[in-house]
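Printed here is structure-v4.cif (mmCIF, C-alpha atoms):
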data_coords
loop_
_atom_site.group_PDB
_atom_site.id
_atom_site.type_symbol
_atom_site.label_atom_id
_atom_site.label_comp_id
_atom_site.auth_asym_id
_atom_site.auth_seq_id
_atom_site.Cartn_x
_atom_site.Cartn_y
_atom_site.Cartn_z
ATOM 1 C CA ALA A 244 -94.344 171.382 13.944
ATOM 2 C CA ARG A 245 -95.384 167.713 14.277
ATOM 3 C CA VAL A 246 -97.212 168.404 17.562
ATOM 4 C CA LYS A 247 -99.017 171.355 15.992
ATOM 5 C CA ARG A 248 -100.131 169.060 13.128
ATOM 6 C CA ARG A 249 -101.269 166.428 15.662
ATOM 7 C CA ALA A 250 -103.387 169.016 17.510
ATOM 8 C CA GLU A 251 -104.926 170.179 14.229
ATOM 9 C CA THR A 252 -105.595 166.544 13.276
ATOM 10 C CA VAL A 253 -107.589 166.129 16.504
ATOM 11 C CA ARG A 254 -109.705 169.161 15.643
ATOM 12 C CA THR A 255 -110.343 168.351 11.983
ATOM 13 C CA GLY A 256 -110.518 164.587 12.489
ATOM 14 C CA VAL A 257 -113.388 164.741 14.953
ATOM 15 C CA THR A 258 -115.342 167.093 12.705
ATOM 16 C CA ARG A 259 -114.914 164.824 9.681
ATOM 17 C CA SER A 260 -115.773 161.730 11.717
ATOM 18 C CA LEU A 261 -118.982 163.282 13.034
ATOM 19 C CA GLU A 262 -119.992 164.226 9.488
ATOM 20 C CA ARG A 263 -119.269 160.723 8.145
ATOM 21 C CA LEU A 264 -121.095 159.079 11.055
ATOM 22 C CA GLN A 265 -123.955 161.594 10.759
ATOM 23 C CA VAL A 266 -123.999 162.212 14.498
ATOM 24 C CA ASP A 267 -123.538 165.267 16.696
ATOM 25 C CA ARG A 268 -121.166 163.615 19.182
ATOM 26 C CA VAL A 269 -119.265 160.435 19.921
ATOM 27 C CA ALA A 270 -119.031 158.569 23.203
ATOM 28 C CA VAL A 271 -115.219 158.546 23.211
ATOM 29 C CA LEU A 272 -112.533 160.326 21.239
ATOM 30 C CA ALA A 273 -109.180 158.645 21.882
ATOM 31 C CA LEU A 274 -105.727 159.649 20.761
ATOM 32 C CA HIS A 275 -104.281 156.419 19.358
ATOM 33 C CA ASP A 276 -100.649 155.452 19.839
ATOM 34 C CA PRO A 277 -99.523 158.905 20.923
ATOM 35 C CA SER A 278 -95.849 159.710 21.137
ATOM 36 C CA ASP A 279 -94.266 160.894 24.391
ATOM 37 C CA GLU A 280 -94.265 164.360 22.840
ATOM 38 C CA ASP A 281 -98.028 164.167 22.134
ATOM 39 C CA VAL A 282 -99.024 163.206 25.682
ATOM 40 C CA ARG A 283 -96.973 166.041 27.147
ATOM 41 C CA SER A 284 -98.051 168.657 24.607
ATOM 42 C CA ASP A 285 -100.309 171.364 25.990
ATOM 43 C CA GLU A 286 -101.529 172.037 22.445
ATOM 44 C CA VAL A 287 -102.581 168.425 21.765
ATOM 45 C CA LEU A 288 -104.166 168.000 25.190
ATOM 46 C CA ARG A 289 -106.008 171.317 24.871
ATOM 47 C CA ALA A 290 -107.377 170.142 21.519
ATOM 48 C CA LEU A 291 -108.757 166.995 23.198
ATOM 49 C CA ASP A 292 -110.186 169.012 26.091
ATOM 50 C CA GLU A 293 -111.804 171.413 23.616
ATOM 51 C CA VAL A 294 -113.559 168.535 21.830
ATOM 52 C CA LYS A 295 -115.053 167.459 25.156
ATOM 53 C CA ARG A 296 -115.876 171.016 26.252
ATOM 54 C CA GLN A 297 -117.729 171.621 22.969
ATOM 55 C CA GLY A 298 -119.796 168.468 23.598
ATOM 56 C CA LEU A 299 -118.454 166.682 20.524
ATOM 57 C CA ALA A 300 -117.284 163.744 22.682
ATOM 58 C CA ALA A 301 -118.649 162.596 26.021
ATOM 59 C CA ARG A 302 -115.208 161.338 27.065
ATOM 60 C CA ILE A 303 -111.646 161.725 25.839
ATOM 61 C CA GLY A 304 -108.953 159.124 26.095
ATOM 62 C CA ILE A 305 -105.560 157.733 25.314
ATOM 63 C CA ALA A 306 -105.327 154.421 23.455
ATOM 64 C CA GLY A 307 -101.688 153.506 23.793
ATOM 65 C CA THR A 308 -99.637 152.397 26.745
ATOM 66 C CA TYR A 309 -100.488 152.663 30.404
ATOM 67 C CA ASP A 310 -97.612 155.125 30.821
ATOM 68 C CA SER A 311 -98.842 157.315 27.949
ATOM 69 C CA PHE A 312 -102.242 157.549 29.656
ATOM 70 C CA VAL A 313 -100.625 158.496 32.988
ATOM 71 C CA ALA A 314 -98.477 161.166 31.288
ATOM 72 C CA ALA A 315 -101.479 162.716 29.503
ATOM 73 C CA ALA A 316 -103.760 162.504 32.543
ATOM 74 C CA ALA A 317 -101.211 164.477 34.563
ATOM 75 C CA HIS A 318 -101.898 167.472 32.285
ATOM 76 C CA ALA A 319 -105.524 167.087 31.168
ATOM 77 C CA HIS A 320 -108.808 165.503 32.209
ATOM 78 C CA ILE A 321 -108.373 162.303 30.210
ATOM 79 C CA ASP A 322 -111.034 159.873 31.406
ATOM 80 C CA VAL A 323 -110.608 156.811 29.163
ATOM 81 C CA ALA A 324 -107.514 154.598 29.143
ATOM 82 C CA GLN A 325 -106.975 151.811 26.620
ATOM 83 C CA PHE A 326 -103.879 149.636 26.792
ATOM 84 C CA ALA A 327 -102.652 146.065 26.367
ATOM 85 C CA ALA A 328 -103.464 143.690 29.204
ATOM 86 C CA ALA A 329 -99.788 142.955 29.823
ATOM 87 C CA ASP A 330 -99.098 146.685 30.050
ATOM 88 C CA GLY A 331 -101.310 147.528 32.976
ATOM 89 C CA ALA A 332 -104.214 145.207 33.771
ATOM 90 C CA GLY A 333 -102.955 144.934 37.351
ATOM 91 C CA ARG A 334 -103.053 148.747 37.705
ATOM 92 C CA ILE A 335 -106.719 149.271 36.817
ATOM 93 C CA ALA A 336 -108.172 149.619 40.338
ATOM 94 C CA PRO A 337 -106.568 153.039 41.047
ATOM 95 C CA LEU A 338 -107.766 154.315 37.668
ATOM 96 C CA ALA A 339 -111.318 153.094 38.285
ATOM 97 C CA ALA A 340 -111.276 154.770 41.707
ATOM 98 C CA ARG A 341 -110.576 158.077 39.894
ATOM 99 C CA GLY A 342 -113.516 157.523 37.504
ATOM 100 C CA VAL A 343 -111.390 156.491 34.538
ATOM 101 C CA PHE A 344 -113.090 154.073 32.146
ATOM 102 C CA THR A 345 -110.619 151.355 31.153
ATOM 103 C CA VAL A 346 -110.385 149.241 28.022
ATOM 104 C CA VAL A 347 -107.955 146.319 27.965
ATOM 105 C CA HIS A 348 -106.924 144.553 24.762
ATOM 106 C CA ARG A 349 -104.359 141.983 23.562
ATOM 107 C CA VAL A 350 -105.499 139.658 26.323
ATOM 108 C CA PHE A 351 -103.313 136.695 25.353
ATOM 109 C CA ALA A 352 -100.159 138.564 24.316
ATOM 110 C CA GLY A 353 -98.609 138.671 27.777
ATOM 111 C CA GLY A 354 -99.836 135.315 28.986
ATOM 112 C CA SER A 355 -103.019 136.751 30.512
ATOM 113 C CA SER A 356 -106.312 134.930 30.433
ATOM 114 C CA LEU A 357 -109.714 136.353 29.628
ATOM 115 C CA ARG A 358 -110.880 135.440 33.143
ATOM 116 C CA GLU A 359 -108.002 137.408 34.725
ATOM 117 C CA CYS A 360 -108.667 140.449 32.552
ATOM 118 C CA VAL A 361 -112.397 140.474 33.290
ATOM 119 C CA ALA A 362 -111.664 140.051 36.998
ATOM 120 C CA THR A 363 -109.235 143.000 37.030
ATOM 121 C CA ASN A 364 -111.460 145.209 34.860
ATOM 122 C CA PRO A 365 -115.021 144.440 36.038
ATOM 123 C CA SER A 366 -116.456 147.860 35.172
ATOM 124 C CA GLY A 367 -114.559 148.370 31.940
ATOM 125 C CA VAL A 368 -114.244 146.654 28.588
ATOM 126 C CA VAL A 369 -112.056 143.715 27.648
ATOM 127 C CA LEU A 370 -111.467 143.464 23.901
ATOM 128 C CA VAL A 371 -110.734 139.956 22.711
ATOM 129 C CA SER A 372 -109.842 138.516 19.354
ATOM 130 C CA SER A 373 -109.338 134.816 18.904
ATOM 131 C CA PHE A 374 -107.177 133.503 16.113
ATOM 132 C CA LYS A 375 -106.037 130.302 17.789
ATOM 133 C CA PRO A 376 -108.571 127.514 18.387
ATOM 134 C CA GLU A 377 -107.445 127.107 22.018
ATOM 135 C CA HIS A 378 -108.097 130.811 22.676
ATOM 136 C CA LEU A 379 -111.546 130.581 21.133
ATOM 137 C CA GLN A 380 -112.347 127.526 23.264
ATOM 138 C CA ALA A 381 -111.080 129.265 26.406
ATOM 139 C CA ASN A 382 -113.127 132.400 25.619
ATOM 140 C CA VAL A 383 -116.305 130.405 25.030
ATOM 141 C CA ALA A 384 -115.774 128.458 28.268
ATOM 142 C CA THR A 385 -115.184 131.690 30.207
ATOM 143 C CA ALA A 386 -118.204 133.413 28.668
ATOM 144 C CA SER A 387 -120.350 130.374 29.415
ATOM 145 C CA SER A 388 -119.510 130.256 33.118
ATOM 146 C CA ALA A 389 -120.698 132.533 35.883
ATOM 147 C CA PRO A 390 -118.387 135.473 36.647
#
For the structure just supplied, provide its representation as structure tokens.
Amino acid sequence: ARVKRRAETVRTGVTRSLERLQVDRVAVLALHDPSDEDVRSDEVLRALDEVKRQGLAARIGIAGTYDSFVAAAAHAHIDVAQFAAADGAGRIAPLAARGVFTVVHRVFAGGSSLRECVATNPSGVVLVSSFKPEHLQANVATASSAP
């Protein structure tokens, strides 16, 4: 029953979001923090595929762990992966070779640096938040230097 509700949430959620945003489509619709059951559910994955097929989202994705993306991508055409840097930044190249757009976040949580994350994800996005002064200084220095 929970998976059926999750699939219905995908369908109704995208419709409500498009209405609130006053747009016809979004660039990416991502399933956030999916359970193992969600990423293996034909019903949930079909709901995501249907959103893309209807043109309501240009891409569909999984925003969770690297492993949750891999599990979902084995059953559907998921083409956006978002995960923590410590969870899979070193495994981006094979995803990029398959045309998957990657988003890495929580850069400092696993001891990564912004420079390392940008280097391993040159065609994707690296999301950074800086709460510690030393992180802010490191980010500014990295952004100020040539790649």
Run the PyMOL selection byres ((chain A and resi 272) around 8) on the file and write out the hits as JSON, numbers by chain.
-> {"A": [257, 269, 270, 271, 273, 274, 291, 300, 302, 303, 304]}
Residues picked by the PyMOL selection byres ((chain A and resi 276) around 8) here, as an NGL selection string?
-> :A and (274-275 or 277-278 or 305-308)
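With distances restricted to only C-alpha atoms, A:Gly367 is the closest residue to Ala339 of chain A from A:Gly367, A:Val253, A:Ser311, A:Gln297.
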Counting all atoms listed in the file, which of A:Ala328, A:Leu261, A:Leu338, A:Val368 gets nearest to Ser355 of chain A?
-> A:Ala328
Which one is closest to Ala340 of chain A: A:Gln265, A:Leu299, A:Asp322, A:Ser372? Count only C-alpha atoms.
-> A:Asp322
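Atom to atom, atom CA of Val343 of chain A and atom CA of Thr363 of chain A stand 13.9 Å apart.
Going from atom CA of Phe374 of chain A over to atom CA of Leu264 of chain A, you cover 29.6 Å.
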Where does the PyMOL selection byres ((chain A and resi 288) around 12) land in this file, that is, which residues does it pick, as a PDB file with C-alpha atoms, keeping the file's coordinate frame?
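And here's result34.pdb as it stands now:
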ATOM      1  CA  VAL A 246     -97.212 168.404  17.562  1.00  0.00           C
ATOM      2  CA  LYS A 247     -99.017 171.355  15.992  1.00  0.00           C
ATOM      3  CA  ARG A 249    -101.269 166.428  15.662  1.00  0.00           C
ATOM      4  CA  ALA A 250    -103.387 169.016  17.510  1.00  0.00           C
ATOM      5  CA  GLU A 251    -104.926 170.179  14.229  1.00  0.00           C
ATOM      6  CA  VAL A 253    -107.589 166.129  16.504  1.00  0.00           C
ATOM      7  CA  ARG A 254    -109.705 169.161  15.643  1.00  0.00           C
ATOM      8  CA  ALA A 273    -109.180 158.645  21.882  1.00  0.00           C
ATOM      9  CA  LEU A 274    -105.727 159.649  20.761  1.00  0.00           C
ATOM     10  CA  PRO A 277     -99.523 158.905  20.923  1.00  0.00           C
ATOM     11  CA  GLU A 280     -94.265 164.360  22.840  1.00  0.00           C
ATOM     12  CA  ASP A 281     -98.028 164.167  22.134  1.00  0.00           C
ATOM     13  CA  VAL A 282     -99.024 163.206  25.682  1.00  0.00           C
ATOM     14  CA  ARG A 283     -96.973 166.041  27.147  1.00  0.00           C
ATOM     15  CA  SER A 284     -98.051 168.657  24.607  1.00  0.00           C
ATOM     16  CA  ASP A 285    -100.309 171.364  25.990  1.00  0.00           C
ATOM     17  CA  GLU A 286    -101.529 172.037  22.445  1.00  0.00           C
ATOM     18  CA  VAL A 287    -102.581 168.425  21.765  1.00  0.00           C
ATOM     19  CA  ARG A 289    -106.008 171.317  24.871  1.00  0.00           C
ATOM     20  CA  ALA A 290    -107.377 170.142  21.519  1.00  0.00           C
ATOM     21  CA  LEU A 291    -108.757 166.995  23.198  1.00  0.00           C
ATOM     22  CA  ASP A 292    -110.186 169.012  26.091  1.00  0.00           C
ATOM     23  CA  GLU A 293    -111.804 171.413  23.616  1.00  0.00           C
ATOM     24  CA  VAL A 294    -113.559 168.535  21.830  1.00  0.00           C
ATOM     25  CA  LYS A 295    -115.053 167.459  25.156  1.00  0.00           C
ATOM     26  CA  ILE A 303    -111.646 161.725  25.839  1.00  0.00           C
ATOM     27  CA  GLY A 304    -108.953 159.124  26.095  1.00  0.00           C
ATOM     28  CA  ILE A 305    -105.560 157.733  25.314  1.00  0.00           C
ATOM     29  CA  PHE A 312    -102.242 157.549  29.656  1.00  0.00           C
ATOM     30  CA  ALA A 314     -98.477 161.166  31.288  1.00  0.00           C
ATOM     31  CA  ALA A 315    -101.479 162.716  29.503  1.00  0.00           C
ATOM     32  CA  ALA A 316    -103.760 162.504  32.543  1.00  0.00           C
ATOM     33  CA  ALA A 317    -101.211 164.477  34.563  1.00  0.00           C
ATOM     34  CA  HIS A 318    -101.898 167.472  32.285  1.00  0.00           C
ATOM     35  CA  ALA A 319    -105.524 167.087  31.168  1.00  0.00           C
ATOM     36  CA  HIS A 320    -108.808 165.503  32.209  1.00  0.00           C
ATOM     37  CA  ILE A 321    -108.373 162.303  30.210  1.00  0.00           C
TER      38      ILE A 321
END
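Relative to atom CA of Ala301 of chain A, atom CA of Ala329 of chain A is found at 27.5 Å.
Remark: for Gly331 of chain A, the closest of the candidate residues A:Asp279, A:Glu377, A:Asp310, A:Asp267 is A:Asp310 (distances computed over all atoms listed in the file).
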Could you pull the residues within 8 Å of Val347 of chain A, counting only C-alpha atoms, minus those fewer than 6 positions along the same chain, as a VMD selection string?
-> chain A and resid 325 to 328 332 360 364 367 to 370
